[in-house]
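Before any comments, here is the structure.
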Amino acid sequence: MTQLLNPLDFRISSGDLVAELKSRADQVGTNDGLWPGLTIYRFDEPAAPLWEEVRELHLCVIAQGRKRVTQGGDAHYYDPFTYLAISGNEPFLTEIVEASHDKPFLSFGLQLDNDMVREISADIIAERQTTAFTRSPEPTMTVPPPSFVSALDRDMMDAILRFLRALSTGADRRVLAPTYLKEIVYRALQAEQYSRLVERAARESANNPVSAIISYVRDHIAEPLSVNEMAEQAFMSPSAFSHLFRDVTGRSPYQFVKEMRLNKARELLVEDESNVTQISKAVGYRSTSHFINEFRDRFGVTPRAFGDALAGGDLPPVGRLNQAN
């Protein structure tokens with residue numbers, strides 16, 4: 001069982017987190033977090049309510065200040081003693097309720113990759129099934145809330161700080177940050193309020209042909225992939241498949257495949273020293289120039305500039321990626 005932070009422990013950890021975020025929050029409002037899906041926020045005064053929406057599991061952690069989030073008629077307040085997890089496609093209303101120039105509101109939002117969430121969710125469920133000596137009748141399932149507030153425990157705080165600090169250097173970002181990010185997801189999915197949502201998502205995924213097609217695309221990312229071909233793999237008509245795919249992912253099959261190709265290209269640039277032409281072919285682009293243009297549109301820089309920045313330990317901004325997600 002994890003041990004919750006007492007006030008004395010928290011003051012020390014909170015100070016570390018405040019220092020980390022303050023050093024990265026150069027401007028009031030949103031700041032790039034040097035990692036896909038990571039945005040750092042700073043406000044010097046309370047802010048008016050603002051509607052937002054996320055498509056994937058999203059963690060919101062406050063280092064300083066207080067915030068109110070309203071979703072589905074339910075209002076959640078969270079501060080440095082708690083973190084907020086949001087899932088689903090329902091819009092939510094955010095409002096900064098405690099902030100000042102001397103003590104600014106500091107927080108970060110971290111959007112988590114669906115594939116990683118599914119992978120870790122499957123591991124958690126498999127472990128529970130393996131370690132259960134007896135099986136009791138399944139309790140009546142209630143619809144889990146699309147968002148919840150959890151107490152910030154020592155393990156989650158440690159994982160967050162290690163992840164943020166690993167973003168400071170190129171080597172740590174490539175080797176350590178992905179590991180710490182998985183730990184953050186694991187800690188979040190262990191929250192009692194989220195366990196039913198994990199199990200429900202796993203059951204729905206098993207009966208969803210879109211999940212199988214996403215796996216197929218990942219395994220054939222270097223090959224030409226048409227909507228007709230993906231629809232055939234799902235044993236559906238192209239129009240019915242496209243409609244279902246958009247309902248599940250929020251994107252058309254074409255958009256989704258393009259994002260998978262570009263995200264894979266980014267991973268290859270981080271992991272090895274292949275040239276741009278080799279990487280473009282490895283992710284299914286026949287034209288290198290077309291690949292370069294789409295990479296720049298997605299990430300805000302060319303593949304070569306991205307690779308050069310990695311080699312120099314200075315990752316380029318990912319603002320466009322955050323906006324796209």
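All residue names refer to the structure tokens as shown: chains lettered A, B, ... in order, residues numbered from 1 in each chain, ligands numbered from 1 in order.
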
- Message: With only C-alpha atoms as the counted atoms, please give the residues lying no more than 6 Å from A:Pro46, apart from itself and same-chain residues fewer than 5 positions off, as a PyMOL selection string.
- Response: chain A and resi 96-99

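Separating atom CA of A:Val217 from atom CA of A:Phe291 is a distance of 17.7 Å.
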
- DSSP helix (DSSP H, G or I) selection over stretch 199-253 of chain A, as a VMD selection string: chain A and resid 199 to 206 209 to 219 227 to 233 238 to 249 253

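The residue that comes closest to A:Leu106, out of A:Lys22, A:Arg165, A:Arg154, A:Arg187 and on the basis of only C-alpha atoms, is A:Lys22.
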
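All residues of protein, DNA or RNA that reach within 7 Å of A:Pro80, judged by only C-alpha atoms and not counting those fewer than 6 positions away in the chain, are Ile62, Ala63 and Gln64 of chain A.
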
Sorted by chain and rising residue number, which residues of stretch 277-307 of chain A lie within 12 Å of stretch 242-263 of chain A, and what are their closest atom pairs and distances in Å to one decimal, counting only C-alpha atoms, as JSON lines?
```
{"residue": "A:Ile279", "atom": "CA", "partner": "A:Leu262", "partner_atom": "CA", "distance": 9.9}
{"residue": "A:Ser280", "atom": "CA", "partner": "A:Arg261", "partner_atom": "CA", "distance": 8.8}
{"residue": "A:Lys281", "atom": "CA", "partner": "A:Arg261", "partner_atom": "CA", "distance": 10.2}
{"residue": "A:Ala282", "atom": "CA", "partner": "A:Arg261", "partner_atom": "CA", "distance": 8.9}
{"residue": "A:Val283", "atom": "CA", "partner": "A:Arg261", "partner_atom": "CA", "distance": 5.2}
{"residue": "A:Gly284", "atom": "CA", "partner": "A:Arg261", "partner_atom": "CA", "distance": 7.1}
{"residue": "A:Tyr285", "atom": "CA", "partner": "A:Arg261", "partner_atom": "CA", "distance": 8.5}
{"residue": "A:His290", "atom": "CA", "partner": "A:Leu262", "partner_atom": "CA", "distance": 11.6}
{"residue": "A:Phe291", "atom": "CA", "partner": "A:Leu262", "partner_atom": "CA", "distance": 8.3}
{"residue": "A:Ile292", "atom": "CA", "partner": "A:Leu262", "partner_atom": "CA", "distance": 9.8}
{"residue": "A:Asn293", "atom": "CA", "partner": "A:Leu262", "partner_atom": "CA", "distance": 10.9}
{"residue": "A:Glu294", "atom": "CA", "partner": "A:Leu262", "partner_atom": "CA", "distance": 7.9}
{"residue": "A:Phe295", "atom": "CA", "partner": "A:Leu262", "partner_atom": "CA", "distance": 6.2}
{"residue": "A:Arg296", "atom": "CA", "partner": "A:Leu262", "partner_atom": "CA", "distance": 9.8}
{"residue": "A:Asp297", "atom": "CA", "partner": "A:Leu262", "partner_atom": "CA", "distance": 10.2}
{"residue": "A:Arg298", "atom": "CA", "partner": "A:Leu262", "partner_atom": "CA", "distance": 7.7}
{"residue": "A:Phe299", "atom": "CA", "partner": "A:Leu262", "partner_atom": "CA", "distance": 8.9}
{"residue": "A:Thr302", "atom": "CA", "partner": "A:Leu262", "partner_atom": "CA", "distance": 11.5}
{"residue": "A:Pro303", "atom": "CA", "partner": "A:Leu262", "partner_atom": "CA", "distance": 10.0}
```

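Interatomic distance, atom CA of A:Phe306 against atom CA of A:Lys264: 13.7 Å.
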